[in-house]
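I have placed the structure first, in the form of structure tokens, so that the comments after it can refer back to it.
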Amino acid sequence: MQVLQGPDARRALTRTFNDLPVPDAVLRRIEATFGEALSPEAVVERLLADVRARGDDALRDWTERLDGHRPEELAVRAEDLAAAAVDAPLHSAIRLAIARVRAFYEAQPAHGFLNHGLDGALGQLVRPLGRVGVYVPGGLAPLISTLIHTAVPAQVAGVRDIVVTTPPDREGRIHPAILVAARELGLTQLYKVGGAQAIGALAYGTASIAAVDKIAGPGNLFVVIAKRMVYGMAGIESLPGPTETLVVADDSADARFVAADLLAQAEHNGAEPVLVSTSRDLLLRVQAELNSQLEALPEPNRSWARDSVQARMKVVLAGSLAEALELSNLYAPEHLCLLTRDPWSLLGGVQRAGGVFLGEASMEALGDYVAGPSHVMPTGGTARFMSPVNVRDFQTIISVVGLTEDTLRRIGPAGALLARAEGLEAHARAIESRLNAQEDAPGAFLPL
């Protein structure tokens with residue numbers, strides 16, 4: 001385990017949001033599928049163009065080609081949604097997650113204001129988006145939490161039309177846990193389509209899937225590229241890349257918990273675990289725990305986590321907790337875990353992070369499911385300027401201006417002066433036309 005310090009640590013943790021890494025296995029699959037070596041961007045361009053040109057037929061063709069099933073019916077039938085069932089403990093866990101996420105976002109201040117004063121009225125109207133698309137990745141397991149953590153903030157924002165797309169399995173089925181969660185959320189528009197083609201359908205619209213105002217939810221490399229390419233046709237909430245966790249730990253931390261938190265994210269493909277500690281002894285104990293806990297994981301989780309640890313893990317020895325926080329702010333992690341003697345004393349120093357998890361009882365893995373805040377958080381250093389999914393992602397703000405004539409007389413000349421300074425004569429004349437009209441009006445500007 002290479003331990004970084006000082007300038008080497010700063011260099012290792014300094015990053016910008018670049019193109020997502022493309023594993024060799026992905027490039028090989030592209031060549032096998034398309035019969036030629038293409039970049040992921042070229043693949044997505046083809047998919048999006050085909051969906052835009054052929055609509056539902058393109059969705060059926062690409063779902064058959066990429067997911068192994070041709071869905072003649074793209075929409076999930078109402079009877080299948082109603083009949084979906086999971087065991088009672090999982091059903092209860094789904095309900096708990098929905099309730100806690102909803103309670104969290106109902107506490108978010110997300111309303112407008114309208115102030116009436118001597119100047120007139122100034123304020124903001126807040127309006128929900130009309131139609132939102134939620135993308136739920138498929139793959140090896142149903143990502144129930146992704147549906148909950150994106151749809152609930154949209155519902156709290158007031159969005160009434162939410163459509164869900166998710167890839168089917170090779171028998172054309174959507175996992176019953178996804179259907180149960182959708183039913184608990186009151187969602188009825190679900191479609192059996194995934195990948196970049198689903199993003200194209202949500203952005204452009206097809207005969208079966210009406211276009212949406214905004215697309216939310218994480219996905220694989222092709223989904224993220226597609227979201228970037230359709231921006232403008234529809235809004236996007238973020239470009240979520242591979243997950244990352246930065247753990248700040250001092251000599252009081254339990255090495256078992258530090259290792260467990262790092263591995264919880266490392267088992268995601270492409271993840272980047274980071275450990276910053278003020279204790280060299282802890283680093284050694286964590287290394288031993290990582291080796292032990294890795295061996296105890298089942299496959300394929302063990303292989304995924306080992307790849308993340310061996311290929312991308314960064315380990316830093318900091319001279320103080322202040323330096324540890326400085327390095328964390330430089331890195332701007334998606335998840336920041338504070339496993340220290342007094343984590344609350346560090347909270348004020350956190351400037352850049354998607355989410356902060358304080359103490360041993362607040363592990364990030366719990367935040368992925370039932371803590372409350374959405375687990376869709378900024379990655380790749382974008383926490384410098386972006387936020388986790390929240391109510392505001394699904395609302396628009398409309399400025400309201402309703403000034404009095406007295407206010408126009410007082411501030412109008414300054415506005416006209418600024419307009420001419422910018423070379424915008426028509427702007428200046430639009431202001432002065434009102435001022436001149438006031439001067440010409442009978443009794444204008446007469447003293448009271």
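Letters A, B, ... go to the chains of the structure tokens in the order shown; residues in each chain start at 1; ligands are counted from 1 in the same order.
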What's the 8 Å shell around A:Gly217, counting only C-alpha atoms, without same-chain residues fewer than 2 positions away, as a PyMOL selection string? chain A and resi 134-136+146-147+150+215+219+237+376
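Of the listed residues (A:Val286, A:Ala75, A:Val309, A:Val316), A:Val316 comes nearest to A:Leu13; the distances count only C-alpha atoms.
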May I have the residues within 8 Å of A:Asp250 as a list in words, using only C-alpha atoms and disregarding those fewer than 6 positions away in the same chain?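 Once the adjacent positions are removed, what remains is Ser277, Thr278, Ser279, Leu282, Leu321, Leu339, Thr340 and Arg341 of chain A.
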Between atom CA of A:Leu403 and atom CA of A:Arg434, what is the spacing in Å? 12.5 Å
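The list of residues with at least one atom within 6 Å of stretch 350-365 of chain A, based on only C-alpha atoms and without residues fewer than 3 positions apart in the same chain, reads Asn329, Ala332, Pro333, Glu334, His335, Leu336, Cys337, Leu338, Leu339, Pro343, Leu347, Asp368, Met377, Pro378, Ala383, Arg384 and Pro388 of chain A.
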Find the distance between atom CA of A:Asp169 and atom CA of A:Leu143 and write it in Å to one decimal.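 Distance between the two atoms: 13.5 Å.
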So which residues touch A:Leu66 within 12 Å, counting only C-alpha atoms, skipping near sequence neighbours fewer than 2 positions away, as a list in words?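 Residues meeting the cut-off are Arg29, Ile30, Ala32, Thr33, Phe34, Val43, Leu47, Ala58, Leu59, Arg60, Asp61, Trp62, Thr63, Glu64, Gly68, His69, Arg70, Gly139, Pro167, Pro168, Asp169, Arg170, Val193, Gly194, Gly195, Ala196, Gln197 and Phe222 of chain A.
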Could you jot down the atom CA of A:Leu179 to atom CA of A:Asp67 separation for me, Å, one decimal place?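 Interatomic distance here is 19.0 Å.
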Run DSSP on the backbone of this structure and report the residues of stretch 366-420 of chain A it assigns to alpha helix (DSSP H), as a list in words.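 Alpha helix (DSSP H) assignments inside stretch 366-420 of chain A correspond to Leu366, Gly367, Glu405, Asp406, Thr407, Leu408, Arg409, Arg410, Ile411, Gly412, Pro413, Ala414, Gly415, Ala416, Leu417, Leu418, Ala419 and Arg420 of chain A.
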Expected file: the selected residues, all heavy atoms, as a short mmCIF file (atom, residue, chain, number, x, y, z; two decimals), in the first residue's frame:
```
data_model
loop_
_atom_site.label_atom_id
_atom_site.label_comp_id
_atom_site.auth_asym_id
_atom_site.auth_seq_id
_atom_site.Cartn_x
_atom_site.Cartn_y
_atom_site.Cartn_z
N LEU A 366 -25.72 3.09 4.57
CA LEU A 366 -27.08 3.32 5.05
C LEU A 366 -27.71 4.49 4.30
O LEU A 366 -28.90 4.49 4.01
CB LEU A 366 -27.05 3.61 6.56
CG LEU A 366 -28.37 3.45 7.32
CD1 LEU A 366 -28.86 2.01 7.26
CD2 LEU A 366 -28.21 3.90 8.76
N GLY A 367 -26.88 5.50 3.99
CA GLY A 367 -27.37 6.63 3.22
C GLY A 367 -27.83 6.25 1.83
O GLY A 367 -28.66 6.94 1.23
N GLU A 405 -45.04 53.38 -10.14
CA GLU A 405 -44.58 54.50 -10.97
C GLU A 405 -43.56 55.36 -10.23
O GLU A 405 -42.63 55.90 -10.83
CB GLU A 405 -45.78 55.35 -11.40
CG GLU A 405 -46.70 54.63 -12.38
CD GLU A 405 -47.79 55.52 -12.93
OE1 GLU A 405 -47.85 56.71 -12.52
OE2 GLU A 405 -48.57 55.04 -13.77
N ASP A 406 -43.71 55.49 -8.92
CA ASP A 406 -42.71 56.23 -8.15
C ASP A 406 -41.33 55.56 -8.26
O ASP A 406 -40.31 56.24 -8.38
CB ASP A 406 -43.13 56.32 -6.68
CG ASP A 406 -44.25 57.32 -6.46
OD1 ASP A 406 -44.49 58.14 -7.37
OD2 ASP A 406 -44.89 57.25 -5.40
N THR A 407 -41.33 54.24 -8.21
CA THR A 407 -40.07 53.52 -8.33
C THR A 407 -39.48 53.71 -9.72
O THR A 407 -38.26 53.89 -9.88
CB THR A 407 -40.28 52.02 -8.04
OG1 THR A 407 -40.86 51.88 -6.75
CG2 THR A 407 -38.98 51.26 -8.11
N LEU A 408 -40.33 53.68 -10.75
CA LEU A 408 -39.86 53.91 -12.11
C LEU A 408 -39.19 55.27 -12.21
O LEU A 408 -38.11 55.41 -12.80
CB LEU A 408 -41.04 53.82 -13.08
CG LEU A 408 -40.76 54.30 -14.51
CD1 LEU A 408 -39.68 53.46 -15.16
CD2 LEU A 408 -42.05 54.25 -15.34
N ARG A 409 -39.79 56.29 -11.63
CA ARG A 409 -39.19 57.63 -11.71
C ARG A 409 -37.84 57.66 -10.99
O ARG A 409 -36.91 58.34 -11.43
CB ARG A 409 -40.13 58.66 -11.06
CG ARG A 409 -41.30 59.05 -11.95
CD ARG A 409 -41.98 60.32 -11.43
NE ARG A 409 -42.67 60.08 -10.16
CZ ARG A 409 -43.96 59.76 -10.07
NH1 ARG A 409 -44.68 59.62 -11.17
NH2 ARG A 409 -44.52 59.57 -8.90
N ARG A 410 -37.73 56.89 -9.90
CA ARG A 410 -36.50 56.94 -9.11
C ARG A 410 -35.36 56.16 -9.75
O ARG A 410 -34.21 56.59 -9.73
CB ARG A 410 -36.78 56.40 -7.71
CG ARG A 410 -35.63 56.63 -6.73
CD ARG A 410 -35.98 56.26 -5.29
NE ARG A 410 -36.03 54.81 -5.09
CZ ARG A 410 -37.13 54.10 -4.95
NH1 ARG A 410 -38.32 54.71 -4.98
NH2 ARG A 410 -37.10 52.79 -4.77
N ILE A 411 -35.65 54.97 -10.31
CA ILE A 411 -34.55 54.12 -10.81
C ILE A 411 -34.47 54.09 -12.32
O ILE A 411 -33.47 53.61 -12.87
CB ILE A 411 -34.70 52.68 -10.28
CG1 ILE A 411 -35.92 51.97 -10.90
CG2 ILE A 411 -34.77 52.67 -8.76
CD1 ILE A 411 -36.04 50.49 -10.51
N GLY A 412 -35.50 54.59 -13.02
CA GLY A 412 -35.50 54.54 -14.48
C GLY A 412 -34.32 55.23 -15.12
O GLY A 412 -33.69 54.66 -16.03
N PRO A 413 -33.98 56.46 -14.73
CA PRO A 413 -32.83 57.13 -15.37
C PRO A 413 -31.53 56.32 -15.26
O PRO A 413 -30.74 56.28 -16.20
CB PRO A 413 -32.74 58.44 -14.60
CG PRO A 413 -34.14 58.71 -14.16
CD PRO A 413 -34.69 57.37 -13.81
N ALA A 414 -31.32 55.67 -14.12
CA ALA A 414 -30.11 54.85 -13.98
C ALA A 414 -30.15 53.66 -14.94
O ALA A 414 -29.12 53.29 -15.53
CB ALA A 414 -29.97 54.36 -12.54
N GLY A 415 -31.33 53.07 -15.10
CA GLY A 415 -31.45 51.96 -16.05
C GLY A 415 -31.16 52.40 -17.46
O GLY A 415 -30.46 51.70 -18.21
N ALA A 416 -31.69 53.56 -17.87
CA ALA A 416 -31.43 54.06 -19.22
C ALA A 416 -29.94 54.36 -19.42
O ALA A 416 -29.38 54.09 -20.49
CB ALA A 416 -32.27 55.31 -19.47
N LEU A 417 -29.32 54.91 -18.38
CA LEU A 417 -27.89 55.22 -18.48
C LEU A 417 -27.07 53.94 -18.67
O LEU A 417 -26.14 53.88 -19.49
CB LEU A 417 -27.44 55.96 -17.21
CG LEU A 417 -25.99 56.47 -17.17
CD1 LEU A 417 -25.77 57.51 -18.26
CD2 LEU A 417 -25.68 57.04 -15.80
N LEU A 418 -27.38 52.92 -17.92
CA LEU A 418 -26.67 51.65 -18.06
C LEU A 418 -26.90 51.03 -19.43
O LEU A 418 -25.98 50.46 -20.04
CB LEU A 418 -27.13 50.67 -16.97
CG LEU A 418 -26.62 50.99 -15.56
CD1 LEU A 418 -27.39 50.18 -14.53
CD2 LEU A 418 -25.13 50.70 -15.44
N ALA A 419 -28.14 51.14 -19.96
CA ALA A 419 -28.43 50.59 -21.28
C ALA A 419 -27.57 51.26 -22.35
O ALA A 419 -27.01 50.59 -23.22
CB ALA A 419 -29.91 50.77 -21.59
N ARG A 420 -27.46 52.58 -22.29
CA ARG A 420 -26.64 53.28 -23.30
C ARG A 420 -25.16 52.94 -23.13
O ARG A 420 -24.42 52.86 -24.12
CB ARG A 420 -26.86 54.79 -23.20
CG ARG A 420 -28.21 55.22 -23.75
CD ARG A 420 -28.27 56.69 -24.14
NE ARG A 420 -29.53 56.94 -24.83
CZ ARG A 420 -30.65 57.33 -24.23
NH1 ARG A 420 -30.66 57.55 -22.91
NH2 ARG A 420 -31.75 57.51 -24.93
#
```
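Distance annotation: of A:Arg65, A:Arg52, A:Lys192, A:Arg392, the residue with the minimal separation from A:Gly158 is A:Arg392; atom set is only C-alpha atoms.
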Stretch 209-448 of chain A: which residues are strand (DSSP E) by DSSP, as a PyMOL selection string? chain A and resi 214-216+235-236+244-249+272-277+314-317+335-339+355-358+395-403
Give me, as a PyMOL selection string, all polymer residues having an atom no more than 10 Å from A:Pro23, counting only C-alpha atoms and skipping those fewer than 4 positions away in the same chain. chain A and resi 27-28+221+270
